[in-house]
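Here is the file target-v6.txt (compact mmCIF, C-alpha atoms and all ligand atoms).
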# COMPACT_ATOMS: atom_id res chain seq x y z
CA MET A 252 62.63 -5.16 -30.82
CA SER A 253 64.21 -8.54 -30.11
CA HIS A 254 65.40 -11.11 -32.60
CA ILE A 255 64.50 -14.66 -31.56
CA LEU A 256 66.08 -17.75 -33.11
CA VAL A 257 63.59 -20.63 -33.02
CA THR A 258 65.14 -24.02 -33.74
CA GLY A 259 62.81 -26.69 -35.13
CA GLY A 260 60.32 -23.98 -36.11
CA ALA A 261 59.02 -25.97 -39.09
CA GLY A 262 57.81 -28.79 -36.84
CA PHE A 263 54.51 -29.12 -34.96
CA ILE A 264 55.08 -27.16 -31.76
CA GLY A 265 57.86 -24.90 -33.04
CA SER A 266 55.68 -23.57 -35.88
CA ASN A 267 52.84 -22.97 -33.42
CA PHE A 268 55.25 -20.90 -31.27
CA VAL A 269 56.40 -18.89 -34.31
CA HIS A 270 52.80 -17.94 -35.08
CA HIS A 271 52.19 -17.15 -31.41
CA VAL A 272 55.21 -14.81 -31.20
CA LEU A 273 54.43 -13.03 -34.46
CA ASP A 274 50.77 -12.60 -33.47
CA ASN A 275 51.39 -11.42 -29.90
CA THR A 276 54.70 -9.53 -29.83
CA VAL A 277 56.82 -7.20 -31.99
CA HIS A 278 59.78 -9.60 -32.09
CA HIS A 279 61.50 -10.78 -35.28
CA VAL A 280 61.76 -14.58 -35.64
CA THR A 281 64.38 -16.62 -37.47
CA VAL A 282 63.66 -20.33 -37.80
CA LEU A 283 66.61 -22.71 -38.04
CA ASP A 284 65.32 -26.10 -39.19
CA LYS A 285 66.95 -29.05 -40.95
CA LEU A 286 63.62 -29.77 -42.66
CA THR A 287 63.62 -33.48 -41.80
CA TYR A 288 60.69 -35.75 -42.67
CA ALA A 289 58.90 -34.23 -39.63
CA ALA A 290 59.02 -30.63 -40.92
CA ASN A 291 56.39 -28.98 -43.10
CA THR A 292 57.11 -25.51 -44.45
CA ALA A 293 53.40 -25.15 -45.25
CA SER A 294 52.94 -24.63 -41.50
CA LEU A 295 54.86 -21.34 -41.89
CA GLU A 296 53.07 -19.97 -44.96
CA GLY A 297 51.72 -16.43 -44.89
CA LEU A 298 54.01 -15.02 -42.21
CA PRO A 299 55.12 -11.37 -42.58
CA ALA A 300 58.41 -11.32 -44.53
CA SER A 301 59.57 -8.22 -42.63
CA ARG A 302 59.54 -10.13 -39.33
CA PHE A 303 60.24 -13.73 -40.33
CA THR A 304 63.20 -15.60 -41.89
CA LEU A 305 63.59 -19.34 -42.53
CA VAL A 306 67.09 -20.86 -42.59
CA GLN A 307 67.48 -24.50 -43.55
CA GLY A 308 70.32 -26.05 -41.56
CA ASP A 309 71.40 -28.44 -38.84
CA ILE A 310 71.65 -27.39 -35.19
CA ALA A 311 74.77 -29.59 -35.00
CA ASP A 312 76.51 -27.41 -37.66
CA ALA A 313 78.76 -25.37 -35.34
CA ASP A 314 79.74 -22.65 -37.86
CA LEU A 315 76.19 -22.00 -39.00
CA VAL A 316 74.88 -22.03 -35.42
CA ASP A 317 77.59 -19.63 -34.23
CA ASP A 318 76.77 -17.13 -37.01
CA LEU A 319 73.05 -17.27 -36.31
CA VAL A 320 73.24 -17.13 -32.52
CA ALA A 321 75.61 -14.13 -32.77
CA GLY A 322 72.87 -12.13 -34.51
CA HIS A 323 70.02 -12.96 -32.12
CA ASP A 324 68.93 -11.85 -28.64
CA ALA A 325 67.42 -15.19 -27.63
CA VAL A 326 67.29 -18.83 -28.70
CA VAL A 327 64.18 -20.95 -28.17
CA HIS A 328 65.24 -24.52 -28.83
CA TYR A 329 62.56 -26.90 -30.13
CA ALA A 330 64.56 -28.86 -32.75
CA ALA A 331 64.73 -32.56 -31.97
CA GLU A 332 63.99 -35.98 -33.26
CA SER A 333 60.68 -36.34 -31.43
CA HIS A 334 59.09 -39.75 -32.00
CA ASN A 335 59.56 -42.58 -29.51
CA ASP A 336 58.77 -45.37 -32.01
CA ASN A 337 61.45 -44.11 -34.42
CA SER A 338 63.97 -43.93 -31.58
CA LEU A 339 63.42 -47.62 -30.88
CA ASP A 340 64.22 -48.48 -34.51
CA ASP A 341 67.21 -46.18 -35.03
CA PRO A 342 68.52 -44.18 -32.04
CA ARG A 343 71.50 -42.48 -33.76
CA PRO A 344 69.69 -39.42 -35.21
CA PHE A 345 68.29 -38.82 -31.71
CA LEU A 346 71.79 -38.63 -30.25
CA GLU A 347 73.01 -36.41 -33.07
CA SER A 348 70.16 -33.89 -33.02
CA ASN A 349 69.01 -33.97 -29.41
CA VAL A 350 72.37 -34.27 -27.65
CA ILE A 351 75.08 -32.97 -30.02
CA GLY A 352 72.68 -30.39 -31.47
CA THR A 353 71.82 -29.01 -28.02
CA TYR A 354 75.50 -28.99 -27.04
CA THR A 355 76.34 -27.03 -30.21
CA LEU A 356 73.66 -24.42 -29.47
CA LEU A 357 74.73 -24.09 -25.83
CA GLU A 358 78.34 -23.45 -26.82
CA ALA A 359 77.21 -20.66 -29.16
CA ALA A 360 74.92 -19.16 -26.48
CA ARG A 361 77.86 -19.27 -24.07
CA ARG A 362 80.22 -17.50 -26.50
CA HIS A 363 77.71 -14.76 -27.32
CA GLY A 364 75.97 -14.36 -23.95
CA THR A 365 72.61 -15.19 -25.53
CA ARG A 366 69.41 -15.93 -23.56
CA PHE A 367 68.50 -19.61 -24.09
CA HIS A 368 65.23 -21.43 -23.52
CA HIS A 369 65.25 -25.21 -23.84
CA ILE A 370 62.08 -27.11 -24.75
CA SER A 371 61.79 -30.52 -23.15
CA THR A 372 59.30 -33.18 -22.20
CA ASP A 373 57.73 -34.80 -19.14
CA GLU A 374 59.08 -38.12 -20.46
CA VAL A 375 62.44 -37.37 -18.81
CA TYR A 376 60.80 -38.40 -15.51
CA GLY A 377 59.84 -41.90 -16.68
CA ASP A 378 56.33 -43.06 -15.87
CA LEU A 379 53.83 -43.32 -13.00
CA ALA A 380 51.55 -46.13 -11.85
CA LEU A 381 47.91 -45.63 -12.86
CA ASP A 382 46.87 -45.26 -9.20
CA ASP A 383 49.82 -43.12 -8.07
CA PRO A 384 48.34 -40.01 -6.39
CA ASN A 385 51.51 -38.06 -7.20
CA ARG A 386 52.24 -36.17 -10.40
CA PHE A 387 55.59 -35.03 -11.82
CA THR A 388 57.04 -31.85 -10.29
CA GLU A 389 60.27 -29.93 -10.92
CA SER A 390 61.96 -32.03 -8.22
CA THR A 391 60.98 -35.48 -9.55
CA ALA A 392 64.09 -37.60 -10.25
CA TYR A 393 65.04 -38.20 -13.90
CA ASN A 394 64.29 -41.76 -15.03
CA PRO A 395 63.83 -41.85 -18.83
CA SER A 396 62.71 -45.06 -20.54
CA SER A 397 63.24 -44.79 -24.31
CA PRO A 398 66.16 -43.72 -26.50
CA TYR A 399 64.13 -40.57 -27.30
CA SER A 400 63.45 -39.62 -23.69
CA SER A 401 67.00 -40.45 -22.59
CA THR A 402 68.39 -38.05 -25.20
CA LYS A 403 65.96 -35.36 -24.03
CA ALA A 404 67.07 -35.99 -20.44
CA ALA A 405 70.70 -35.72 -21.56
CA SER A 406 69.99 -32.42 -23.27
CA ASP A 407 68.28 -31.03 -20.13
CA LEU A 408 71.31 -31.98 -18.04
CA LEU A 409 73.64 -30.27 -20.53
CA VAL A 410 71.60 -27.07 -20.17
CA ARG A 411 71.78 -27.27 -16.36
CA ALA A 412 75.55 -27.80 -16.51
CA TRP A 413 76.04 -24.88 -18.92
CA VAL A 414 74.08 -22.65 -16.53
CA ARG A 415 76.10 -23.66 -13.51
CA SER A 416 79.56 -24.01 -15.04
CA PHE A 417 79.50 -21.27 -17.68
CA GLY A 418 76.75 -18.90 -16.54
CA VAL A 419 74.56 -19.35 -19.61
CA ASP A 420 71.24 -17.48 -19.14
CA ALA A 421 69.03 -20.50 -19.66
CA THR A 422 65.61 -21.78 -18.60
CA ILE A 423 64.06 -25.20 -19.25
CA SER A 424 60.44 -26.27 -19.68
CA ASN A 425 59.16 -29.84 -19.59
CA CYS A 426 55.73 -30.16 -21.17
CA SER A 427 53.18 -32.95 -21.40
CA ASN A 428 51.70 -34.42 -24.62
CA ASN A 429 50.63 -31.76 -27.12
CA TYR A 430 47.71 -31.94 -29.54
CA GLY A 431 46.29 -29.55 -32.12
CA PRO A 432 46.56 -28.69 -35.83
CA TYR A 433 49.82 -29.19 -37.79
CA GLN A 434 50.94 -32.31 -35.85
CA HIS A 435 52.70 -34.98 -37.92
CA VAL A 436 50.48 -37.97 -38.78
CA GLU A 437 52.91 -40.39 -37.12
CA LYS A 438 51.76 -39.14 -33.69
CA PHE A 439 48.84 -40.78 -31.85
CA ILE A 440 45.95 -38.32 -32.28
CA PRO A 441 46.60 -37.28 -35.92
CA ARG A 442 47.33 -40.91 -36.86
CA GLN A 443 43.93 -42.04 -35.61
CA ILE A 444 42.03 -39.06 -37.11
CA THR A 445 43.66 -39.54 -40.53
CA ASN A 446 43.18 -43.31 -40.34
CA VAL A 447 39.44 -42.82 -39.97
CA LEU A 448 39.46 -40.18 -42.73
CA THR A 449 41.18 -42.69 -45.07
CA GLY A 450 38.95 -45.65 -44.15
CA VAL A 451 41.47 -47.40 -41.85
CA ARG A 452 40.68 -48.50 -38.29
CA PRO A 453 42.55 -46.69 -35.46
CA LYS A 454 45.43 -48.68 -33.89
CA LEU A 455 45.77 -48.87 -30.11
CA TYR A 456 49.01 -50.16 -28.64
CA GLY A 457 48.58 -52.96 -26.08
CA ALA A 458 45.27 -52.65 -24.25
CA GLY A 459 45.02 -48.86 -24.69
CA ALA A 460 45.27 -48.32 -20.92
CA ASN A 461 48.29 -45.97 -21.07
CA VAL A 462 47.57 -42.46 -19.82
CA ARG A 463 48.84 -39.23 -21.39
CA ASP A 464 48.32 -35.71 -20.01
CA TRP A 465 47.07 -33.70 -23.02
CA ILE A 466 47.67 -29.97 -23.56
CA HIS A 467 46.76 -27.89 -26.61
CA ALA A 468 49.84 -26.66 -28.51
CA ASP A 469 48.58 -23.05 -28.23
CA ASP A 470 48.74 -23.34 -24.44
CA HIS A 471 52.28 -24.75 -24.66
CA SER A 472 53.29 -21.72 -26.76
CA SER A 473 51.79 -19.18 -24.36
CA ALA A 474 53.60 -20.88 -21.48
CA VAL A 475 56.96 -20.83 -23.31
CA LEU A 476 56.62 -17.12 -24.18
CA THR A 477 55.77 -16.40 -20.52
CA ILE A 478 58.86 -18.27 -19.32
CA LEU A 479 61.06 -16.60 -21.96
CA GLU A 480 59.91 -13.15 -20.83
CA HIS A 481 59.48 -13.65 -17.07
CA GLY A 482 61.10 -16.96 -16.01
CA ARG A 483 63.95 -17.00 -13.52
CA ILE A 484 67.32 -17.90 -15.05
CA GLY A 485 68.50 -21.41 -14.19
CA GLU A 486 64.97 -22.59 -13.35
CA THR A 487 62.92 -25.46 -14.75
CA TYR A 488 59.14 -25.06 -15.24
CA LEU A 489 56.73 -27.93 -15.87
CA ILE A 490 53.94 -27.15 -18.34
CA GLY A 491 50.64 -29.04 -18.19
CA ALA A 492 46.88 -28.45 -18.36
CA ASP A 493 45.44 -31.25 -16.14
CA GLY A 494 44.44 -33.28 -19.21
CA GLU A 495 44.92 -36.92 -18.19
CA MET A 496 43.12 -39.43 -20.45
CA ASN A 497 43.86 -43.03 -21.36
CA ASN A 498 44.47 -43.86 -25.02
CA ARG A 499 41.28 -45.93 -25.35
CA GLU A 500 39.17 -42.98 -24.17
CA VAL A 501 40.86 -40.72 -26.74
CA VAL A 502 40.30 -43.16 -29.62
CA GLU A 503 36.66 -43.65 -28.62
CA MET A 504 36.18 -39.87 -28.58
CA ILE A 505 37.77 -39.52 -32.05
CA LEU A 506 35.57 -42.30 -33.45
CA GLY A 507 32.45 -40.84 -31.81
CA GLN A 508 33.15 -37.31 -33.10
CA LEU A 509 33.67 -38.72 -36.62
CA GLY A 510 30.34 -40.58 -36.49
CA GLN A 511 31.86 -44.08 -36.25
CA PRO A 512 31.07 -46.91 -33.77
CA THR A 513 33.27 -46.24 -30.75
CA ASP A 514 34.64 -49.82 -30.76
CA ALA A 515 35.82 -49.67 -34.41
CA TYR A 516 39.55 -49.84 -33.52
CA ASP A 517 42.25 -52.56 -33.54
CA LEU A 518 44.53 -53.53 -30.65
CA VAL A 519 48.06 -53.91 -32.05
CA THR A 520 51.50 -54.96 -30.75
CA ASP A 521 52.55 -52.80 -27.82
CA ARG A 522 55.54 -50.40 -27.94
CA VAL A 523 58.51 -51.95 -26.11
CA GLY A 524 59.22 -50.23 -22.79
CA HIS A 525 55.92 -48.31 -23.21
CA ASP A 526 55.56 -45.71 -20.44
CA LEU A 527 52.32 -46.32 -18.54
CA ARG A 528 51.31 -42.86 -17.37
CA TYR A 529 52.49 -39.24 -17.46
CA ALA A 530 50.95 -36.54 -15.26
CA ILE A 531 52.18 -32.98 -14.70
CA ASP A 532 51.79 -30.74 -11.66
CA SER A 533 52.24 -27.22 -13.13
CA THR A 534 51.73 -25.34 -9.84
CA LYS A 535 55.11 -23.59 -10.05
CA LEU A 536 54.43 -22.08 -13.48
CA ARG A 537 50.90 -21.05 -12.51
CA SER A 538 51.74 -19.53 -9.13
CA GLU A 539 55.08 -17.91 -9.98
CA LEU A 540 54.35 -16.63 -13.49
CA SER A 541 50.51 -16.46 -13.40
CA TRP A 542 50.13 -18.67 -16.49
CA GLU A 543 46.84 -20.47 -17.14
CA PRO A 544 45.83 -22.76 -20.04
CA ARG A 545 42.99 -21.56 -22.29
CA TYR A 546 41.96 -24.96 -23.70
CA THR A 547 40.44 -26.65 -20.66
CA ASN A 548 37.80 -28.65 -22.56
CA PHE A 549 39.58 -31.55 -24.33
CA ALA A 550 36.48 -32.64 -26.29
CA GLU A 551 36.16 -29.15 -27.81
CA GLY A 552 39.89 -28.90 -28.60
CA LEU A 553 39.77 -32.35 -30.19
CA ALA A 554 36.71 -31.44 -32.29
CA ALA A 555 38.52 -28.36 -33.63
CA THR A 556 41.61 -30.48 -34.34
CA ILE A 557 39.55 -33.07 -36.22
CA ALA A 558 37.90 -30.27 -38.24
CA TRP A 559 41.37 -28.95 -39.14
CA TYR A 560 42.54 -32.37 -40.45
CA GLN A 561 39.28 -32.72 -42.40
CA SER A 562 39.79 -29.41 -44.17
CA ASN A 563 43.58 -29.53 -44.60
CA ARG A 564 44.14 -32.82 -46.42
CA ASP A 565 46.80 -31.18 -48.67
CA TRP A 566 48.89 -30.56 -45.56
CA TRP A 567 48.94 -34.18 -44.28
CA GLU A 568 48.20 -36.50 -47.21
CA PRO A 569 51.77 -36.37 -48.62
CA GLN A 570 53.14 -37.67 -45.25
CA LYS A 571 50.57 -40.39 -44.60
CA ASP A 572 51.81 -43.28 -46.77
CA ALA A 573 55.42 -43.02 -45.56
CA ALA A 574 54.31 -42.88 -41.91
CA GLU A 575 52.07 -45.92 -42.30
CA ALA A 576 54.85 -47.80 -44.16
CA ARG A 577 57.10 -47.26 -41.11
CA TYR A 578 54.35 -48.61 -38.83
CA ALA A 579 53.69 -51.60 -41.11
CA ALA A 580 57.38 -52.52 -40.88
CA GLN A 581 57.02 -52.45 -37.06
CA GLY A 582 53.85 -54.60 -37.18
CA ARG A 583 51.68 -51.71 -35.95
P1 LIG A 601 58.44 -32.38 -34.60
O1 LIG A 601 59.08 -33.70 -34.90
O2 LIG A 601 57.07 -32.10 -35.15
O3 LIG A 601 59.39 -31.20 -35.11
C1 LIG A 601 60.76 -31.21 -34.89
C2 LIG A 601 61.40 -30.21 -35.85
O4 LIG A 601 62.81 -30.18 -35.58
C3 LIG A 601 61.24 -30.58 -37.32
O5 LIG A 601 60.83 -29.45 -38.06
C4 LIG A 601 62.63 -31.03 -37.74
O6 LIG A 601 62.93 -30.79 -39.11
C5 LIG A 601 63.52 -30.23 -36.81
N1 LIG A 601 64.84 -30.84 -36.57
C6 LIG A 601 65.08 -32.12 -36.18
N2 LIG A 601 66.42 -32.32 -36.09
C7 LIG A 601 67.02 -31.14 -36.43
C8 LIG A 601 68.37 -30.72 -36.53
N3 LIG A 601 69.39 -31.56 -36.28
N4 LIG A 601 68.62 -29.43 -36.88
C9 LIG A 601 67.59 -28.58 -37.15
N5 LIG A 601 66.30 -28.94 -37.10
C10 LIG A 601 66.01 -30.20 -36.74
O7 LIG A 601 58.46 -32.26 -33.02
P2 LIG A 601 57.45 -31.52 -32.02
O8 LIG A 601 56.42 -32.49 -31.59
O9 LIG A 601 57.06 -30.21 -32.59
O10 LIG A 601 58.43 -31.30 -30.78
C11 LIG A 601 59.24 -30.12 -30.70
C12 LIG A 601 59.99 -30.12 -29.39
O11 LIG A 601 59.07 -30.19 -28.30
C13 LIG A 601 60.94 -31.29 -29.21
O12 LIG A 601 62.10 -30.83 -28.56
C14 LIG A 601 60.17 -32.25 -28.30
O13 LIG A 601 61.06 -33.04 -27.53
C15 LIG A 601 59.41 -31.27 -27.45
N6 LIG A 601 58.16 -31.77 -26.85
C16 LIG A 601 57.19 -32.31 -27.66
C17 LIG A 601 55.99 -32.73 -27.10
C18 LIG A 601 54.88 -33.31 -27.95
O14 LIG A 601 53.86 -33.72 -27.42
N7 LIG A 601 55.00 -33.34 -29.27
C19 LIG A 601 55.79 -32.60 -25.72
C20 LIG A 601 56.81 -32.05 -24.93
C21 LIG A 601 57.98 -31.62 -25.52
O1 LIG A 602 49.23 -45.60 -33.30
C1 LIG A 602 49.45 -45.37 -32.10
N1 LIG A 602 48.74 -46.05 -31.14
C2 LIG A 602 48.92 -45.86 -29.81
O2 LIG A 602 48.23 -46.49 -28.99
C3 LIG A 602 50.45 -44.42 -31.66
C4 LIG A 602 51.25 -43.66 -32.69
C5 LIG A 602 50.62 -44.22 -30.31
N2 LIG A 602 49.88 -44.92 -29.40
C6 LIG A 602 50.05 -44.64 -27.96
C7 LIG A 602 51.45 -44.58 -27.44
C8 LIG A 602 51.35 -43.55 -26.31
O3 LIG A 602 50.86 -44.20 -25.14
O4 LIG A 602 49.53 -43.31 -27.78
C9 LIG A 602 50.28 -42.58 -26.81
C10 LIG A 602 50.86 -41.33 -27.45
O5 LIG A 602 51.83 -41.75 -28.41
P1 LIG A 602 52.75 -40.70 -29.22
O6 LIG A 602 51.88 -39.75 -29.98
O7 LIG A 602 53.77 -41.48 -29.96
O8 LIG A 602 53.37 -39.83 -28.03
P2 LIG A 602 54.32 -40.19 -26.79
O9 LIG A 602 55.12 -41.40 -27.03
O10 LIG A 602 53.47 -40.10 -25.55
O11 LIG A 602 55.31 -38.92 -26.86
C11 LIG A 602 54.79 -37.59 -27.16
O12 LIG A 602 54.67 -36.82 -25.98
C12 LIG A 602 55.87 -36.43 -25.36
C13 LIG A 602 55.66 -36.87 -28.18
O13 LIG A 602 55.77 -37.65 -29.36
C14 LIG A 602 57.01 -36.58 -27.59
O14 LIG A 602 57.80 -35.83 -28.52
C15 LIG A 602 56.84 -35.78 -26.33
O15 LIG A 602 58.08 -35.63 -25.70

Can you dump the structure from the file as structure tokens?
Ligand code: NAD
Ligand code: TDX
Amino acid sequence: MSHILVTGGAGFIGSNFVHHVLDNTVHHVTVLDKLTYAANTASLEGLPASRFTLVQGDIADADLVDDLVAGHDAVVHYAAESHNDNSLDDPRPFLESNVIGTYTLLEAARRHGTRFHHISTDEVYGDLALDDPNRFTESTAYNPSSPYSSTKAASDLLVRAWVRSFGVDATISNCSNNYGPYQHVEKFIPRQITNVLTGVRPKLYGAGANVRDWIHADDHSSAVLTILEHGRIGETYLIGADGEMNNREVVEMILGQLGQPTDAYDLVTDRVGHDLRYAIDSTKLRSELSWEPRYTNFAEGLAATIAWYQSNRDWWEPQKDAAEARYAAQGR
């Protein structure tokens, strides 16, 4: 049996991966999480105590990280400051967690010869024109736009350098926009669902024409486990499920599924530097490692996600006022 250290395992995608590993393998999981505003330990309730341990701590704490990495067979690194809007207000925590934190983990993996998988984003590639026939591939040049995406790009480059210079056994995955249960209400889809559930109109940035390539978090987790078990060391794999939609279409679908008029949203001040379109070509992952997404019907996945937010108000209500206060201060 392997012991896997999952950083950021109390966040949206990390907690989904923890459940996925415990449900589908015999591995033991330790979560290392700072428990920032973005974490929710309720996402980890009910896990088997014999196979799961939660450690509260910072991935930039070198002594703690060294101790933990020494006792594990693999590290799967999700921990990050993850929200673009916050990075535009205050970039420093993004540098500390995403860059220094990743560096700290890599040094420990190097010392202990530990398998390392780094979770990253398609945002490192910048954006595409709406009519560009191309999608991002593993060979697309890095061109990040925001403080958030530039720190993720920096962390990817650190991983590549630690593979080449120090022989760390690492892989990288860059995934498109995730949706599903347990996502923080600051993010687009949960913000709009919980707005409608609290009697507030959804807020679209700019004209709502920006395109995101949606993937269910369960599909992201199955892809990461596949890469951890079968990926080639030193390689990058793009993860996506062919889910391109513009933001207006998504808001209209949320409103429609919640029985509201589909034009009952507000257009608000655009995000500065707002990336226009992301689109992933995941051919390498599919052909080399035989991975396929299970959630290929976005409307069905969205309906299940809406149902989850409707029946889990205790999970998200405590975060909602603080998230909306941050948006109000930004005029959004
Ligand atoms: P999230 O904000 O929901 O969770 C991040 C978690 O990391 C939180 O639990 C937080 O407490 C923890 N964390 C932050 N800084 C830490 C530190 N210094 N030490 C220890 N723990 C710390 O984020 P998410 O949406 O689940 O994203 C997880 C990862 O996936 C990130 O690396 C992100 O870049 C990447 N990613 C996200 C998406 C997406 O659509 N959400 C898409 C592609 C990649
Ligand atoms: O209220 C909103 N209105 C709106 O129109 C919010 C919160 C967002 N938007 C737009 C901005 C984006 O075009 O919706 C789109 C999605 O926004 P976010 O949920 O903030 O996601 P994004 O900026 O695309 O980044 C996400 O995907 C890539 C994650 O937050 C990142 O962590 C991941 O790397």

_To check your reading of the model: which residues sit at most 6 Å from ligand LIG 602 (chain A) when counting all atoms listed in the file? Write the answer as a ChimeraX atom specification._
/A:333-335,372,374,427-428,437-439,454-456,459,461,498

*If you count all atoms listed in the file, which residues end up within 7 Å of ligand LIG 601 (chain A), as a ChimeraX atom specification?*
/A:258-265,283-291,308-311,329-334,347-348,352,370-373,403,425-430,434-435

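The residue that comes closest to Val462 in chain A, out of A:Gly485, A:Pro344, A:Gly431, A:Gly494 and on the basis of only C-alpha atoms, is A:Gly494.
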
*Find the spatial neighbours of Thr391 in chain A, counting only C-alpha atoms, within a cut-off of 9 Å - ignore same-chain residues fewer than 4 positions away - and output them as a ChimeraX atom specification.*
/A:376,386-387

Please build the interface table for range 472-503 of chain A against range 548-553 of chain A with a cut-off of 12 Å, listing for each qualifying residue the nearest atom pair and the distance in Å to one decimal; count only C-alpha atoms, order rows by chain and increasing number, and write it as JSON lines.
{"residue": "A:Ala492", "atom": "CA", "partner": "A:Phe549", "partner_atom": "CA", "distance": 9.9}
{"residue": "A:Asp493", "atom": "CA", "partner": "A:Phe549", "partner_atom": "CA", "distance": 10.1}
{"residue": "A:Gly494", "atom": "CA", "partner": "A:Phe549", "partner_atom": "CA", "distance": 7.3}
{"residue": "A:Glu495", "atom": "CA", "partner": "A:Phe549", "partner_atom": "CA", "distance": 9.7}
{"residue": "A:Met496", "atom": "CA", "partner": "A:Phe549", "partner_atom": "CA", "distance": 9.5}
{"residue": "A:Glu500", "atom": "CA", "partner": "A:Ala550", "partner_atom": "CA", "distance": 10.9}
{"residue": "A:Val501", "atom": "CA", "partner": "A:Leu553", "partner_atom": "CA", "distance": 9.1}
{"residue": "A:Val502", "atom": "CA", "partner": "A:Leu553", "partner_atom": "CA", "distance": 10.8}
{"residue": "A:Glu503", "atom": "CA", "partner": "A:Ala550", "partner_atom": "CA", "distance": 11.3}

*What is the CA of Gly457 in chain A to CA of Trp567 in chain A distance in Å?*
26.2 Å

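In this comparison, which uses all atoms listed in the file, the residue of A:Leu448, A:Leu356, A:Ile423, A:Val350 approaching Tyr399 in chain A most closely is A:Val350.
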
_From A:Tyr546, A:Tyr529, A:Tyr516, A:Tyr433, residue lying nearest Asn446 in chain A [all atoms listed in the file]_ = A:Tyr516

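For the pair CA of Ala576 in chain A and CA of Asp340 in chain A, the separation is 13.5 Å.
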
*Pull the neighbourhood of (64.5, -18.2, -35.0) for me: all residues within 12 Å in file coordinates, counting all atoms listed in the file, as an MDAnalysis selection string.*
chainID A and resid 253:261 265:266 268:270 272:273 278:284 302:308 310 316 319:320 322:330 367:368
